[in-house]
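These notes are about the structure you will find just below.
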Amino acid sequence: MSNTADADYGVARFLAVEHVDSPAFTPNGRLLFLTDTSGTPQVWTVDEPGGWPTRLTPHEERVSALAASPADESFVYAMDRGSDERDQLIHYDLATGVERALTADPESKHAWGAWGPDGKRVAYTANREDDGRFDVYVQAAGSPEERAGEPERVYEGPGGWLNVAAFGPDGDRLVLSKPHSSYDEELTLLDVGSGDSRVLSDDSEATYSHVHFDGEGGLLCVTNHDSDTAYVGRISLDSGAVTPVAGHDRSAGEPGTGAWDVDGLAFDRETVRVAYTVNEGGYSSLHAGTLADDSDDPGFDSVETPAVDGIVQGLTFGPDADRLAHTYTSPTEPYGVRTVGFGDDGDDGDASVGETNWTPVGRNGLPDAAFHAPETVHYETFDDREIPAYWTLPPGVDPDDPTEQVPAIVDIHGGPEHQRRPWFYPTKQYFLNRGYAVLEPNVRGSSGYGKAYAHLDDVENRMDSVADVAAGVEWLHGQAAVDDERIVAYGRSYGGFMVLAAITEYPELWAAAVDFVGIADFTTFLANTGEWRRSHREAEYGSLRDDYEFLKSISPLTSIENVRCPLFVQHGANDPRVPVGEAEQVAEAVRERGVPVETLIFEDEGHHTTSRENLITEFEAIAGFLDEHV
């Protein structure tokens, strides 16, 4: 294509740019993290900033969770088989390098929860007794002698998904989180010894995340209780009352008066240091300080923190809370781990003393010119609402020159309560360098813009979000540099449904479509998805019992005769979320109508393609498909 750079770097170069995340400190200050340097995410460590990292876990299957012990030099990690999400938990002793399986039930899913405060026990949830119900287990960790006996089931769940949110500072209590939907959760306080429990949260719709016992009879968390946007709040263990702490306008006296959501929180009980992040239109701002000594009106004394020109996630304090580690990324900066140091500033107390990049990630010889940042745009949709989006043109393209127009990919995120953010996205950079422009809309139903916006696509309003995608294409038609006849629908998971819905509802807009693990028929999806997920998903989409006809009417398969453009369908045979039958039935239905279809189903993958070898195969195939049809 005439508007692309002369160099063809190949997708393998982009996919081999390492992704580093999930930082964790041991009590001795050792930094652990996950990175896919070896081809799948594994646990690594590094002794000093920029030092040569050491790989700790030797596996080919992906590691999906990492948690360092609070008491000794060990950690627990989670790993599944073939991306089937039925995680098992493994204990790793850093002194000896010995790994010991804590669980060995490959037919069950074990969801990591929390370490006990003394490092001798861990708590997690698992669907061992019933595939559709998660129960709470407490288990000894450490040496074989310490781990004698089976895990102890301390609580039978009510059915569906259940999480351990926090372990109490005395080791006798747990906080459990039960999501009724993506936007409504219930918190329960559990006495580990007696099994007695009581619900802490009230009946109002709210979410609670990043939960910490504050040691003063309360919980710190991120919540949107009685608010459109999320803030740092304190929940009284006695009354359940929620008091705003930070991330809101204290002068107004109300939570959620800020324009954006708080989306991350770290807390150190000994020093009462707090760090949190705010999601400001997809980009992060970082805030830190200490709690005021007043449990009835917990204020927040802030300190200066480094400016952020990207996204900060995974906040965690090191020993003595003198360092804060986090994952950092930006549109042109691969995921890595950085730390912020805190020191004594005399009479003024704590002060930021700078940021350190611990894991600078190489780019496999790719030049800076191969990485491109988007601009944030807004376009008007059918009801005059402004839809936020990220817009990126390929290198060398003049946005005002209509003489050499380029194709465009409309990349639709999953969820639906997810949010596309300006993180480093290697396949996006690959397609930009191949001459494709990329539009990434956050249509109604996306998170990050408040509770009301997230509700706009609920059940009967589902297709309004598809109309938002069509409005994005109309916006593209007004861009001089874009070829209106070469626009691609592209999306994963729920985004895959959006792709299939877009090409059936608005078939005239598309030159081609790429569907990753998408929903083709809501009725078969809900009937066949993992039992523990069904009630949660029905709260978002509608239920098979009450909304069957409506779900059938909005399913892409119902209108599949409308499809005109070539379709690429990718799926993993082990997918527990969107079963592979969704891909098989939509591919067959489109093929029967004489429309070109290409399928790629990995027998050793699930909802996400996790092997770099498979990823390279996948995106080389997609690039070839788009080159042929677009």
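Scheme for the structure tokens: letters A, B, ... for chains in order shown; per-chain residue numbers from 1; ligand numbers from 1 in order shown.
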- May I have the residues within 12 Å of Gly491 in chain A as a VMD selection string, using only C-alpha atoms and disregarding those fewer than 3 positions away in the same chain? chain A and resid 409 to 416 420 439 to 441 469 488 494 to 503 513 to 519 567 to 570
Can you pull out the residues contacting Gly354 in chain A? Cut-off 9 Å, using only C-alpha atoms, and skip same-chain residues under 2 positions away; I want them as a list in words. Thr305, Pro306, Thr339, Val340, Gly341, Phe342, Ser352 and Thr356 of chain A
Emit the selected residues as a PDB file, in the first residue's frame, including N, CA and C atoms.
```pdb
ATOM      1  N   THR A 305       2.837  12.885  43.461  1.00  0.00           N
ATOM      2  CA  THR A 305       3.170  11.652  42.741  1.00  0.00           C
ATOM      3  C   THR A 305       3.562  12.004  41.313  1.00  0.00           C
ATOM      4  N   PRO A 306       4.284  11.095  40.645  1.00  0.00           N
ATOM      5  CA  PRO A 306       4.691  11.374  39.264  1.00  0.00           C
ATOM      6  C   PRO A 306       3.483  11.483  38.330  1.00  0.00           C
ATOM      7  N   THR A 339       8.329   1.371  39.879  1.00  0.00           N
ATOM      8  CA  THR A 339       8.091   1.628  41.289  1.00  0.00           C
ATOM      9  C   THR A 339       8.178   3.121  41.560  1.00  0.00           C
ATOM     10  N   VAL A 340       7.405   3.566  42.540  1.00  0.00           N
ATOM     11  CA  VAL A 340       7.476   4.918  43.064  1.00  0.00           C
ATOM     12  C   VAL A 340       7.999   4.811  44.485  1.00  0.00           C
ATOM     13  N   GLY A 341       9.064   5.552  44.802  1.00  0.00           N
ATOM     14  CA  GLY A 341       9.625   5.526  46.144  1.00  0.00           C
ATOM     15  C   GLY A 341       9.024   6.619  47.008  1.00  0.00           C
ATOM     16  N   PHE A 342       8.889   6.335  48.313  1.00  0.00           N
ATOM     17  CA  PHE A 342       8.377   7.318  49.263  1.00  0.00           C
ATOM     18  C   PHE A 342       9.410   7.498  50.365  1.00  0.00           C
ATOM     19  N   SER A 352       6.831  11.998  47.604  1.00  0.00           N
ATOM     20  CA  SER A 352       7.319  11.181  46.498  1.00  0.00           C
ATOM     21  C   SER A 352       8.785  11.495  46.225  1.00  0.00           C
ATOM     22  N   THR A 356      10.940   4.645  39.225  1.00  0.00           N
ATOM     23  CA  THR A 356      11.999   3.802  38.678  1.00  0.00           C
ATOM     24  C   THR A 356      11.388   2.742  37.783  1.00  0.00           C
TER      25      THR A 356
END
```
Please list as a PyMOL selection string every residue within 9 Å of range 559-562 of chain A, counting only C-alpha atoms and excluding residues in the same chain fewer than 5 positions away. chain A and resi 500-501+503-507+553-554+586+589-590+593
Can I get the selection written as a compact mmCIF listing (two decimals), in the first residue's frame, with C-alpha atoms?
```
# COMPACT_ATOMS: atom_id res chain seq x y z
CA LEU A 500 -21.65 -10.43 13.86
CA ALA A 501 -24.51 -8.10 14.79
CA ILE A 503 -22.61 -7.27 9.63
CA THR A 504 -26.18 -8.58 9.88
CA GLU A 505 -27.85 -5.31 10.95
CA TYR A 506 -25.75 -2.98 8.75
CA PRO A 507 -24.40 -5.26 6.01
CA SER A 553 -34.53 -11.96 17.80
CA ILE A 554 -31.28 -10.06 18.41
CA VAL A 586 -22.07 -19.15 12.42
CA ALA A 589 -24.54 -20.67 8.24
CA VAL A 590 -22.52 -18.03 6.37
CA ARG A 593 -25.08 -18.71 1.72
```
Residue with the minimum atom-to-atom distance to Glu129 in chain A, picked from A:Gly157, A:Arg444, A:Glu61, A:Arg86 with only C-alpha atoms counted, is A:Gly157
*Write out as a list in words the residues lying within 7 Å of Leu34 in chain A, counting only C-alpha atoms and excluding same-chain residues fewer than 3 positions away.*
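Here the answer would be Val20, Asp21, Ser22, Pro41, Gln42, Val43 and Trp44 of chain A.
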| message | Considering only C-alpha atoms, can you say which of A:Ser446, A:Ser209, A:Thr427, A:Thr523 comes closest to Ala12 in chain A? | response |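 Closest to Ala12 in chain A, using only C-alpha atoms: A:Thr427.
With distances restricted to only C-alpha atoms, A:Glu375 is the closest residue to Pro331 in chain A from A:Asp301, A:Glu375, A:Glu156, A:Asp105.
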The distance between CA of Ala259 in chain A and CA of Tyr231 in chain A is 10.6 Å
